[in-house]
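Asker: File name upload_17.csv; file contents CSV, C-alpha atoms and all ligand atoms; full text below.
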```
chain,number,residue,atom,x,y,z
W,9,MET,CA,22.4,12.1,26.8
W,10,ARG,CA,22.4,12.6,23.1
W,11,LEU,CA,20.2,10.4,20.9
W,12,ARG,CA,22.1,8.9,18.0
W,13,LYS,CA,19.5,7.0,16.0
W,14,ARG,CA,20.0,5.8,12.4
W,15,MET,CA,17.3,6.2,9.8
W,16,PRO,CA,17.0,3.7,7.0
W,17,GLY,CA,16.7,5.2,3.5
W,18,ALA,CA,18.5,8.4,4.4
W,19,SER,CA,20.4,8.1,1.1
W,20,ARG,CA,17.2,8.1,-1.0
W,21,PRO,CA,16.3,11.0,-3.2
W,22,GLY,CA,14.4,13.5,-1.1
W,23,ALA,CA,16.6,12.9,1.9
W,24,ALA,CA,17.6,16.5,1.8
W,25,ARG,CA,14.1,17.5,2.6
W,26,LEU,CA,14.3,15.4,5.7
W,27,SER,CA,17.6,16.7,6.8
W,28,PRO,CA,16.1,19.4,9.0
W,29,TYR,CA,14.2,16.7,10.9
W,30,TYR,CA,17.3,14.6,11.3
W,31,ARG,CA,19.1,17.5,12.7
W,32,GLU,CA,16.3,18.5,15.0
W,33,LEU,CA,15.9,15.0,16.4
W,34,GLU,CA,19.7,14.4,16.4
W,35,ILE,CA,19.3,11.4,14.1
W,36,ASP,CA,22.3,10.1,12.3
W,37,GLU,CA,21.9,10.6,8.5
W,38,THR,CA,24.5,8.0,7.6
W,39,PRO,CA,22.9,6.0,4.7
W,40,LEU,CA,21.9,2.5,5.5
W,41,PRO,CA,21.2,-0.3,3.0
W,42,ARG,CA,17.5,-0.3,2.1
W,43,LEU,CA,15.2,-3.0,3.2
W,44,ASP,CA,15.1,-5.3,0.2
W,45,LEU,CA,11.4,-6.2,-0.2
W,46,ALA,CA,10.9,-8.7,-3.0
W,47,PRO,CA,7.6,-8.8,-4.9
W,48,PHE,CA,5.5,-11.9,-4.8
W,49,GLY,CA,7.5,-14.3,-6.9
W,50,GLU,CA,8.7,-17.9,-7.2
W,51,ALA,CA,10.1,-18.2,-3.7
W,52,MET,CA,6.9,-16.9,-2.0
W,53,CYS,CA,4.7,-19.0,-4.3
W,54,GLU,CA,6.6,-22.1,-3.2
W,55,VAL,CA,5.9,-21.3,0.4
W,56,ILE,CA,2.2,-20.9,-0.5
W,57,GLU,CA,2.2,-24.3,-2.2
W,58,ALA,CA,3.8,-25.9,0.8
W,59,THR,CA,1.6,-24.4,3.4
W,60,ARG,CA,-1.7,-24.1,1.4
W,61,PRO,CA,-3.4,-21.3,3.4
W,62,ASP,CA,-7.2,-20.9,2.8
W,63,VAL,CA,-6.8,-17.4,1.5
W,64,VAL,CA,-4.0,-15.4,-0.1
W,65,SER,CA,-4.6,-11.7,-0.1
W,66,PHE,CA,-2.9,-9.1,-2.3
W,67,HIS,CA,-2.7,-5.3,-2.4
W,68,PHE,CA,-1.9,-3.3,-5.6
W,69,GLY,CA,-3.4,-5.8,-8.1
W,70,LEU,CA,-2.3,-9.4,-8.6
W,71,PRO,CA,0.9,-11.1,-9.4
W,72,ALA,CA,1.6,-12.6,-12.8
W,73,ALA,CA,-1.2,-14.9,-14.1
W,74,ALA,CA,1.1,-18.0,-13.9
W,75,LEU,CA,1.6,-17.4,-10.2
W,76,VAL,CA,-2.1,-16.7,-9.6
W,77,ALA,CA,-2.8,-20.1,-11.3
W,78,ARG,CA,-0.3,-21.9,-9.1
W,79,ILE,CA,-1.8,-20.3,-5.9
W,80,LYS,CA,-5.3,-21.4,-7.0
W,81,ALA,CA,-4.1,-24.9,-8.0
W,82,ALA,CA,-2.8,-25.2,-4.4
W,83,GLY,CA,-6.4,-24.8,-3.3
W,84,CYS,CA,-6.1,-21.3,-2.0
W,85,ARG,CA,-8.7,-18.5,-2.6
W,86,VAL,CA,-7.2,-15.3,-4.0
W,87,ILE,CA,-8.4,-11.9,-2.9
W,88,SER,CA,-7.2,-8.3,-3.6
W,89,SER,CA,-8.4,-4.8,-3.0
W,90,ALA,CA,-10.1,-2.5,-5.5
W,91,THR,CA,-10.5,1.3,-5.0
W,92,THR,CA,-12.7,1.7,-8.2
W,93,VAL,CA,-15.2,-0.3,-10.1
W,94,GLU,CA,-12.7,-0.7,-12.9
W,95,GLU,CA,-10.2,-2.2,-10.6
W,96,ALA,CA,-12.8,-4.6,-9.2
W,97,ARG,CA,-13.7,-5.8,-12.7
W,98,TRP,CA,-10.0,-6.2,-13.5
W,99,LEU,CA,-9.4,-8.3,-10.4
W,100,GLU,CA,-12.4,-10.5,-11.2
W,101,ALA,CA,-11.2,-11.0,-14.8
W,102,HIS,CA,-7.8,-11.9,-13.6
W,103,GLY,CA,-8.8,-14.6,-11.2
W,104,ALA,CA,-9.7,-13.0,-7.8
W,105,ASP,CA,-12.2,-15.2,-5.9
W,106,ALA,CA,-13.4,-12.1,-3.9
W,107,VAL,CA,-12.8,-8.4,-4.2
W,108,ILE,CA,-12.2,-6.1,-1.3
W,109,ALA,CA,-13.9,-2.8,-1.9
W,110,GLN,CA,-11.5,-0.4,-0.3
W,111,GLY,CA,-13.3,2.9,0.4
W,112,ALA,CA,-11.5,6.2,0.9
W,113,GLU,CA,-11.8,6.0,4.7
W,114,ALA,CA,-9.6,2.9,4.9
W,115,GLY,CA,-6.4,3.3,7.0
W,116,GLY,CA,-3.1,2.5,5.4
W,117,HIS,CA,-2.1,2.4,1.7
W,118,ARG,CA,-4.7,2.9,-1.0
W,119,ALA,CA,-4.7,-0.2,-3.2
W,120,THR,CA,-4.9,1.9,-6.4
W,121,PHE,CA,-3.3,0.0,-9.3
W,122,LEU,CA,-5.0,1.1,-12.5
W,123,ALA,CA,-4.8,4.8,-12.3
W,124,SER,CA,-2.8,6.5,-15.1
W,125,ASP,CA,-3.2,9.9,-13.4
W,126,LEU,CA,-2.5,9.3,-9.7
W,127,ASP,CA,-3.4,13.0,-8.8
W,128,ARG,CA,-6.8,12.7,-10.3
W,129,ALA,CA,-7.3,9.2,-8.8
W,130,MET,CA,-6.5,10.4,-5.3
W,131,ALA,CA,-8.9,13.4,-5.7
W,132,SER,CA,-11.8,11.1,-6.7
W,133,GLN,CA,-11.6,8.2,-4.3
W,134,SER,CA,-15.0,7.0,-3.4
W,135,GLY,CA,-16.1,6.4,0.2
W,136,THR,CA,-17.0,2.9,1.4
W,137,LEU,CA,-20.7,3.7,1.4
W,138,ALA,CA,-20.7,4.7,-2.3
W,139,LEU,CA,-18.1,2.2,-3.5
W,140,VAL,CA,-19.4,-1.1,-2.0
W,141,PRO,CA,-22.8,-1.1,-3.8
W,142,GLN,CA,-21.3,-0.1,-7.1
W,143,ILE,CA,-18.7,-2.9,-7.0
W,144,ALA,CA,-21.3,-5.4,-5.8
W,145,GLU,CA,-23.3,-4.5,-8.9
W,146,ALA,CA,-20.3,-4.8,-11.2
W,147,VAL,CA,-18.8,-8.2,-10.2
W,148,GLN,CA,-20.1,-11.7,-9.6
W,149,VAL,CA,-17.6,-12.6,-7.0
W,150,PRO,CA,-18.2,-11.8,-3.3
W,151,VAL,CA,-17.4,-8.3,-2.2
W,152,ILE,CA,-15.6,-7.5,1.1
W,153,ALA,CA,-16.2,-4.0,2.4
W,154,ALA,CA,-13.3,-2.1,3.9
W,155,GLY,CA,-12.8,1.4,5.2
W,156,GLY,CA,-14.1,3.1,8.3
W,157,ILE,CA,-15.9,0.0,9.6
W,158,ALA,CA,-15.2,-0.5,13.3
W,159,ASP,CA,-18.3,-2.0,14.9
W,160,GLY,CA,-21.5,-4.0,14.3
W,161,ARG,CA,-23.3,-0.9,12.9
W,162,GLY,CA,-20.7,-0.6,10.1
W,163,VAL,CA,-20.9,-4.4,9.4
W,164,ALA,CA,-24.7,-4.2,9.2
W,165,ALA,CA,-24.5,-1.2,6.8
W,166,ALA,CA,-21.9,-3.0,4.6
W,167,PHE,CA,-24.1,-6.1,4.3
W,168,ALA,CA,-27.1,-3.9,3.5
W,169,LEU,CA,-25.1,-2.4,0.7
W,170,GLY,CA,-24.3,-5.8,-0.9
W,171,ALA,CA,-21.1,-6.9,0.8
W,172,SER,CA,-20.6,-10.5,1.8
W,173,GLY,CA,-18.0,-9.7,4.4
W,174,VAL,CA,-16.0,-6.9,5.9
W,175,GLN,CA,-12.3,-6.2,6.5
W,176,ILE,CA,-11.4,-4.2,9.5
W,177,GLY,CA,-7.9,-2.7,10.0
W,178,THR,CA,-7.6,0.4,12.1
W,179,ALA,CA,-10.0,-0.8,14.8
W,180,PHE,CA,-7.6,-3.7,15.6
W,181,LEU,CA,-4.5,-1.5,15.9
W,182,ARG,CA,-5.0,-1.0,19.7
W,183,CYS,CA,-5.7,-4.7,20.4
W,184,PRO,CA,-3.2,-6.3,22.9
W,185,GLU,CA,-2.1,-8.7,20.1
W,186,ALA,CA,-1.2,-5.9,17.7
W,187,GLY,CA,2.5,-4.9,17.5
W,188,THR,CA,1.5,-1.2,17.5
W,189,SER,CA,4.0,0.9,19.3
W,190,PRO,CA,2.9,2.8,22.5
W,191,LEU,CA,3.4,6.1,20.6
W,192,HIS,CA,1.1,5.0,17.8
W,193,ARG,CA,-1.4,3.6,20.3
W,194,GLU,CA,-1.5,7.0,22.0
W,195,ALA,CA,-1.9,8.8,18.7
W,196,LEU,CA,-4.8,6.5,17.7
W,197,LEU,CA,-6.5,7.1,21.1
W,198,ARG,CA,-6.3,10.9,20.7
W,199,ALA,CA,-7.2,11.0,17.0
W,200,ARG,CA,-10.5,12.7,16.1
W,201,ASP,CA,-12.6,12.4,13.0
W,202,ASN,CA,-10.6,15.0,11.0
W,203,ASP,CA,-7.1,14.0,12.1
W,204,THR,CA,-6.3,11.6,9.2
W,205,VAL,CA,-5.2,12.7,5.7
W,206,LEU,CA,-4.5,11.0,2.4
W,207,THR,CA,-0.8,11.5,1.7
W,208,ASN,CA,2.1,9.9,-0.1
W,209,VAL,CA,4.9,11.6,1.9
W,210,PHE,CA,5.5,8.7,4.2
W,211,THR,CA,6.2,6.0,1.6
W,212,GLY,CA,5.7,7.5,-1.9
W,213,ARG,CA,2.4,5.6,-2.2
W,214,PRO,CA,-0.9,7.3,-1.3
W,215,ALA,CA,-2.1,6.2,2.2
W,216,ARG,CA,-4.5,7.3,4.9
W,217,ALA,CA,-2.6,8.2,8.0
W,218,ILE,CA,-2.8,10.4,11.1
W,219,ALA,CA,-1.4,13.7,10.1
W,220,ASN,CA,1.8,14.6,11.8
W,221,ARG,CA,4.3,17.3,11.1
W,222,LEU,CA,5.6,15.6,7.9
W,223,PRO,CA,2.5,16.0,5.7
W,224,ARG,CA,1.7,19.3,7.4
W,225,GLU,CA,5.1,20.8,6.7
W,226,LEU,CA,6.1,19.0,3.4
W,227,GLY,CA,2.6,19.0,1.9
W,228,LEU,CA,0.2,16.1,1.5
W,229,TYR,CA,1.3,15.0,-1.9
W,230,ARG,CA,4.7,14.8,-3.6
W,231,ARG,CA,4.6,13.9,-7.3
W,232,PRO,CA,6.2,10.5,-7.7
W,233,ARG,CA,9.3,10.4,-9.9
W,234,ARG,CA,8.8,8.0,-12.8
W,235,ILE,CA,11.8,5.8,-13.4
W,236,SER,CA,11.5,4.8,-17.0
W,237,HIS,CA,13.0,1.4,-16.6
W,238,CYS,CA,11.5,0.4,-13.3
W,239,ARG,CA,10.3,-3.2,-13.5
W,240,TRP,CA,7.4,-3.1,-11.0
W,241,ALA,CA,3.9,-2.7,-12.4
W,242,ASN,CA,2.7,-0.7,-9.4
W,243,CYS,CA,5.7,1.1,-8.1
W,244,PRO,CA,5.4,3.6,-5.3
W,245,CYS,CA,8.4,5.5,-6.6
W,246,CYS,CA,7.2,5.6,-10.2
W,247,GLY,CA,3.4,5.5,-9.6
W,248,PRO,CA,1.0,2.8,-10.7
W,249,ARG,CA,0.7,1.9,-14.3
W,250,PRO,CA,-1.6,-0.6,-15.9
W,251,SER,CA,-0.3,-3.9,-16.9
W,252,SER,CA,-2.6,-6.3,-18.7
W,253,ARG,CA,-0.8,-9.2,-17.1
W,254,GLY,CA,-0.7,-7.7,-13.6
W,255,ALA,CA,2.9,-8.6,-13.7
W,256,ALA,CA,6.1,-6.7,-13.4
W,257,ILE,CA,6.9,-4.6,-16.5
W,258,SER,CA,10.2,-6.0,-17.8
W,259,CYS,CA,13.2,-3.8,-17.7
W,260,ARG,CA,15.1,-2.9,-20.8
W,261,SER,CA,18.2,-1.8,-18.9
W,262,GLY,CA,21.3,-3.8,-18.5
W,263,PRO,CA,21.7,-6.0,-15.3
W,264,ALA,CA,23.8,-3.4,-13.3
W,265,ARG,CA,21.5,-0.5,-14.0
W,266,ARG,CA,18.4,-2.7,-13.5
W,267,SER,CA,19.6,-3.8,-10.1
W,268,ARG,CA,20.3,-0.2,-9.1
W,269,LEU,CA,16.9,0.9,-10.2
W,270,GLU,CA,15.1,-2.0,-8.6
W,271,ARG,CA,16.7,-1.1,-5.3
W,272,LYS,CA,15.0,2.3,-5.5
W,273,CYS,CA,11.5,0.8,-5.9
W,274,LEU,CA,9.2,-1.2,-3.7
W,275,PRO,CA,7.6,-4.4,-5.0
W,276,GLY,CA,4.5,-4.4,-7.1
W,277,ASN,CA,2.3,-6.6,-5.1
W,278,TRP,CA,2.1,-6.7,-1.3
W,279,SER,CA,0.3,-9.5,0.4
W,301,LIG,C1,-1.6,0.2,9.7
W,301,LIG,C2,-2.2,-0.5,8.5
W,301,LIG,C3,-1.5,-1.4,7.8
W,301,LIG,C4,-2.1,-2.0,6.7
W,301,LIG,N1,-1.3,-2.9,6.0
W,301,LIG,C5,-1.9,-3.6,5.0
W,301,LIG,C6,-1.2,-4.6,4.3
W,301,LIG,O1,0.0,-4.9,4.5
W,301,LIG,N2,-1.8,-5.3,3.3
W,301,LIG,C7,-3.1,-5.1,3.0
W,301,LIG,O2,-3.6,-5.8,2.1
W,301,LIG,N3,-3.8,-4.1,3.6
W,301,LIG,C8,-3.3,-3.4,4.6
W,301,LIG,N4,-4.0,-2.4,5.3
W,301,LIG,C9,-5.3,-2.0,4.7
W,301,LIG,C10,-6.4,-2.8,5.3
W,301,LIG,O3,-6.3,-4.1,4.7
W,301,LIG,C11,-7.8,-2.2,5.0
W,301,LIG,O4,-8.0,-1.8,3.7
W,301,LIG,C12,-8.1,-1.1,5.9
W,301,LIG,O5,-7.5,-1.2,7.1
W,301,LIG,C13,-9.6,-1.0,6.1
W,301,LIG,O6,-10.0,0.2,6.6
W,301,LIG,P1,-10.0,0.6,8.2
W,301,LIG,O7,-8.6,0.8,8.5
W,301,LIG,O8,-10.8,1.9,8.2
W,301,LIG,O9,-10.6,-0.5,9.0
W,301,LIG,C14,-3.4,-1.8,6.3
W,301,LIG,C15,-4.2,-0.9,7.1
W,301,LIG,C16,-3.6,-0.3,8.2
W,301,LIG,C17,-4.4,0.7,9.0
```
Please render this file's structure as structure tokens.
Ligand SMILES: Cc1cc2nc3c(=O)[nH]c(=O)nc-3n(C[C@H](O)[C@H](O)[C@H](O)COP(=O)(O)O)c2cc1C

Answerer:
Amino acid sequence: MRLRKRMPGASRPGAARLSPYYRELEIDETPLPRLDLAPFGEAMCEVIEATRPDVVSFHFGLPAAALVARIKAAGCRVISSATTVEEARWLEAHGADAVIAQGAEAGGHRATFLASDLDRAMASQSGTLALVPQIAEAVQVPVIAAGGIADGRGVAAAFALGASGVQIGTAFLRCPEAGTSPLHREALLRARDNDTVLTNVFTGRPARAIANRLPRELGLYRRPRRISHCRWANCPCCGPRPSSRGAAISCRSGPARRSRLERKCLPGNWS
């Protein structure tokens, strides 16, 4: 039986590079509408105000100051990840109640949001052991260590380095409660110490992932295309750019062009 799967995003720029994979795996290249991910905005803020969770956690900086103020007024603590001391200081100055020090070992997307040169930033990411004490020295708010911590020894080390808490991601991916697919569970089980890479080929945004054929054959890093009128402050398509407000950079294009460009880009803040 022939497999006829459909891949989202096949119409995106760069799809040509993926064509050989579609053909090999007999995947239908028919373009599908992209998943429309909105940034943290008015609608999500209203949900936060109605449900009032203890903690609201962000990745890639923080939303606009007015939204952060509303989250805090609802009684929630705001946290976000920093990959450098500069980012940790920025988060504290913009209202974070705690900072996650995300070392280079961390699985998933790098939270990097203040790098003007993404290539250089990715080449100089500090490991958890080096980053946690430096951030703990630099900020007054509690520091949560993240990256490569998987058991009590790692927790003890993080606390010895000045962390007040730890965040564990990868170690939970094989828990029964996790929605991890059987294929990914198997890959995690087989992965050895040198099987992960820092790459942006999966989403456009640098992330630590288990290396499969894609980064091996396409290269670890593809330079992001900067869309001059992109509205997101930290766009995986255009690369991160500093915004003193931590908010979306306003788009000078007309509505039609703006909406077309926005569809190409993922939101600035994930939570
Ligand atoms: C599969 C995966 C998905 C993740 N998704 C998110 C996310 O949506 N939001 C977020 O703030 N961090 C996310 N993270 C990052 C974690 O919050 C954290 O930085 C990291 O997992 C810690 O390092 P560790 O994976 O070595 O434990 C993700 C991590 C992994 C492995």

Asker: Could you list the protein, DNA and RNA residues that have any atom within 9 Å of ligand LIG 301 (chain W), counting all atoms listed in the file, and write them as an mmCIF file with C-alpha atoms, keeping the file's coordinate frame?

Answerer:
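As a result, result.cif now contains:
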```
data_model
loop_
_atom_site.group_PDB
_atom_site.id
_atom_site.type_symbol
_atom_site.label_atom_id
_atom_site.label_comp_id
_atom_site.auth_asym_id
_atom_site.auth_seq_id
_atom_site.Cartn_x
_atom_site.Cartn_y
_atom_site.Cartn_z
ATOM 1 C CA SER W 65 -4.600 -11.700 -0.100
ATOM 2 C CA PHE W 66 -2.900 -9.100 -2.300
ATOM 3 C CA HIS W 67 -2.700 -5.300 -2.400
ATOM 4 C CA PHE W 68 -1.900 -3.300 -5.600
ATOM 5 C CA SER W 88 -7.200 -8.300 -3.600
ATOM 6 C CA SER W 89 -8.400 -4.800 -3.000
ATOM 7 C CA ILE W 108 -12.200 -6.100 -1.300
ATOM 8 C CA ALA W 109 -13.900 -2.800 -1.900
ATOM 9 C CA GLN W 110 -11.500 -0.400 -0.300
ATOM 10 C CA GLY W 111 -13.300 2.900 0.400
ATOM 11 C CA ALA W 112 -11.500 6.200 0.900
ATOM 12 C CA GLU W 113 -11.800 6.000 4.700
ATOM 13 C CA ALA W 114 -9.600 2.900 4.900
ATOM 14 C CA GLY W 115 -6.400 3.300 7.000
ATOM 15 C CA GLY W 116 -3.100 2.500 5.400
ATOM 16 C CA HIS W 117 -2.100 2.400 1.700
ATOM 17 C CA ARG W 118 -4.700 2.900 -1.000
ATOM 18 C CA ALA W 119 -4.700 -0.200 -3.200
ATOM 19 C CA ALA W 153 -16.200 -4.000 2.400
ATOM 20 C CA ALA W 154 -13.300 -2.100 3.900
ATOM 21 C CA GLY W 155 -12.800 1.400 5.200
ATOM 22 C CA GLY W 156 -14.100 3.100 8.300
ATOM 23 C CA ILE W 157 -15.900 0.000 9.600
ATOM 24 C CA ALA W 158 -15.200 -0.500 13.300
ATOM 25 C CA VAL W 174 -16.000 -6.900 5.900
ATOM 26 C CA GLN W 175 -12.300 -6.200 6.500
ATOM 27 C CA ILE W 176 -11.400 -4.200 9.500
ATOM 28 C CA GLY W 177 -7.900 -2.700 10.000
ATOM 29 C CA THR W 178 -7.600 0.400 12.100
ATOM 30 C CA ALA W 179 -10.000 -0.800 14.800
ATOM 31 C CA PHE W 180 -7.600 -3.700 15.600
ATOM 32 C CA LEU W 181 -4.500 -1.500 15.900
ATOM 33 C CA THR W 188 1.500 -1.200 17.500
ATOM 34 C CA ALA W 215 -2.100 6.200 2.200
ATOM 35 C CA ARG W 216 -4.500 7.300 4.900
ATOM 36 C CA ALA W 217 -2.600 8.200 8.000
ATOM 37 C CA TRP W 278 2.100 -6.700 -1.300
ATOM 38 C CA SER W 279 0.300 -9.500 0.400
#
```

Asker: Could you check the closest approach to Asn208 (chain W) for each of W:Glu54, W:Glu100, W:Glu94, W:Asp127 and tell me which residue wins, using all atoms listed in the file?

Answerer: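 Distance minimum relative to Asn208 (chain W) lands on W:Asp127.
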
Asker: With all atoms listed in the file as the atoms that count, which of W:Glu32, W:Trp98, W:Pro141, W:His192 lies nearest to Ala166 (chain W)?

Answerer: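 Looking only at the distances to Ala166 (chain W), the closest residue turns out to be W:Pro141.
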
Asker: One decimal, in Å: what's the spacing between CA of Asp62 (chain W) and CA of Val86 (chain W)?

Answerer: 8.8 Å

Asker: Closest to Ala90 (chain W) among W:Val151, W:Asp203, W:Val209, W:Leu137, using all atoms listed in the file?

Answerer: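 Among W:Val151, W:Asp203, W:Val209, W:Leu137, it is W:Val151 that comes nearest to Ala90 (chain W).
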
Asker: Mind giving me the straight-line distance from CA of Gln133 (chain W) to CA of Leu70 (chain W) in Å, one decimal?

Answerer: 20.4 Å

Asker: Which distance in Å separates CA of Ala144 (chain W) and CA of Leu99 (chain W), to one decimal?

Answerer: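 Atom-to-atom, CA of Ala144 (chain W) and CA of Leu99 (chain W) are spaced 13.1 Å apart.
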
Asker: Every residue with an atom at most 10 Å from (4.4, -22.3, -5.8) (file coordinates; all atoms listed in the file) is what I'm after, so could you write them as a list in words?

Answerer: Gly49, Glu50, Ala51, Met52, Cys53, Glu54, Val55, Ile56, Glu57, Ala58, Thr59, Arg60, Ala74, Leu75, Val76, Ala77, Arg78, Ile79, Lys80, Ala81 and Ala82 of chain W

Asker: Got a sec to write region 181-192 of chain W of the block to a file, N, CA, C and O atoms, as a compact mmCIF listing (two decimals), in the first residue's frame?

Answerer:
```txt
# COMPACT_ATOMS: atom_id res chain seq x y z
N LEU W 181 10.19 13.28 28.95
CA LEU W 181 9.58 12.97 27.65
C LEU W 181 9.17 11.50 27.52
O LEU W 181 8.32 11.16 26.70
N ARG W 182 9.78 10.62 28.33
CA ARG W 182 9.40 9.20 28.25
C ARG W 182 8.46 8.79 29.38
O ARG W 182 8.18 7.61 29.57
N CYS W 183 7.96 9.77 30.14
CA CYS W 183 6.98 9.45 31.18
C CYS W 183 5.67 8.99 30.52
O CYS W 183 5.35 9.43 29.42
N PRO W 184 4.92 8.11 31.20
CA PRO W 184 3.66 7.63 30.60
C PRO W 184 2.72 8.78 30.27
O PRO W 184 1.98 8.72 29.29
N GLU W 185 2.75 9.85 31.08
CA GLU W 185 1.81 10.96 30.88
C GLU W 185 2.17 11.81 29.66
O GLU W 185 1.32 12.55 29.15
N ALA W 186 3.42 11.75 29.21
CA ALA W 186 3.84 12.61 28.09
C ALA W 186 3.24 12.10 26.78
O ALA W 186 3.12 10.90 26.57
N GLY W 187 2.91 13.05 25.92
CA GLY W 187 2.32 12.67 24.63
C GLY W 187 3.37 12.32 23.58
O GLY W 187 3.11 12.45 22.39
N THR W 188 4.56 11.91 24.03
CA THR W 188 5.66 11.61 23.11
C THR W 188 5.32 10.39 22.25
O THR W 188 4.87 9.37 22.78
N SER W 189 5.55 10.50 20.96
CA SER W 189 5.20 9.39 20.05
C SER W 189 6.14 8.21 20.30
O SER W 189 7.26 8.39 20.77
N PRO W 190 5.69 6.99 19.94
CA PRO W 190 6.55 5.80 20.12
C PRO W 190 7.89 5.95 19.40
O PRO W 190 8.92 5.56 19.93
N LEU W 191 7.86 6.57 18.21
CA LEU W 191 9.10 6.75 17.45
C LEU W 191 10.09 7.62 18.23
O LEU W 191 11.28 7.31 18.33
N HIS W 192 9.57 8.71 18.80
CA HIS W 192 10.45 9.61 19.55
C HIS W 192 10.89 8.99 20.87
O HIS W 192 12.02 9.20 21.32
```
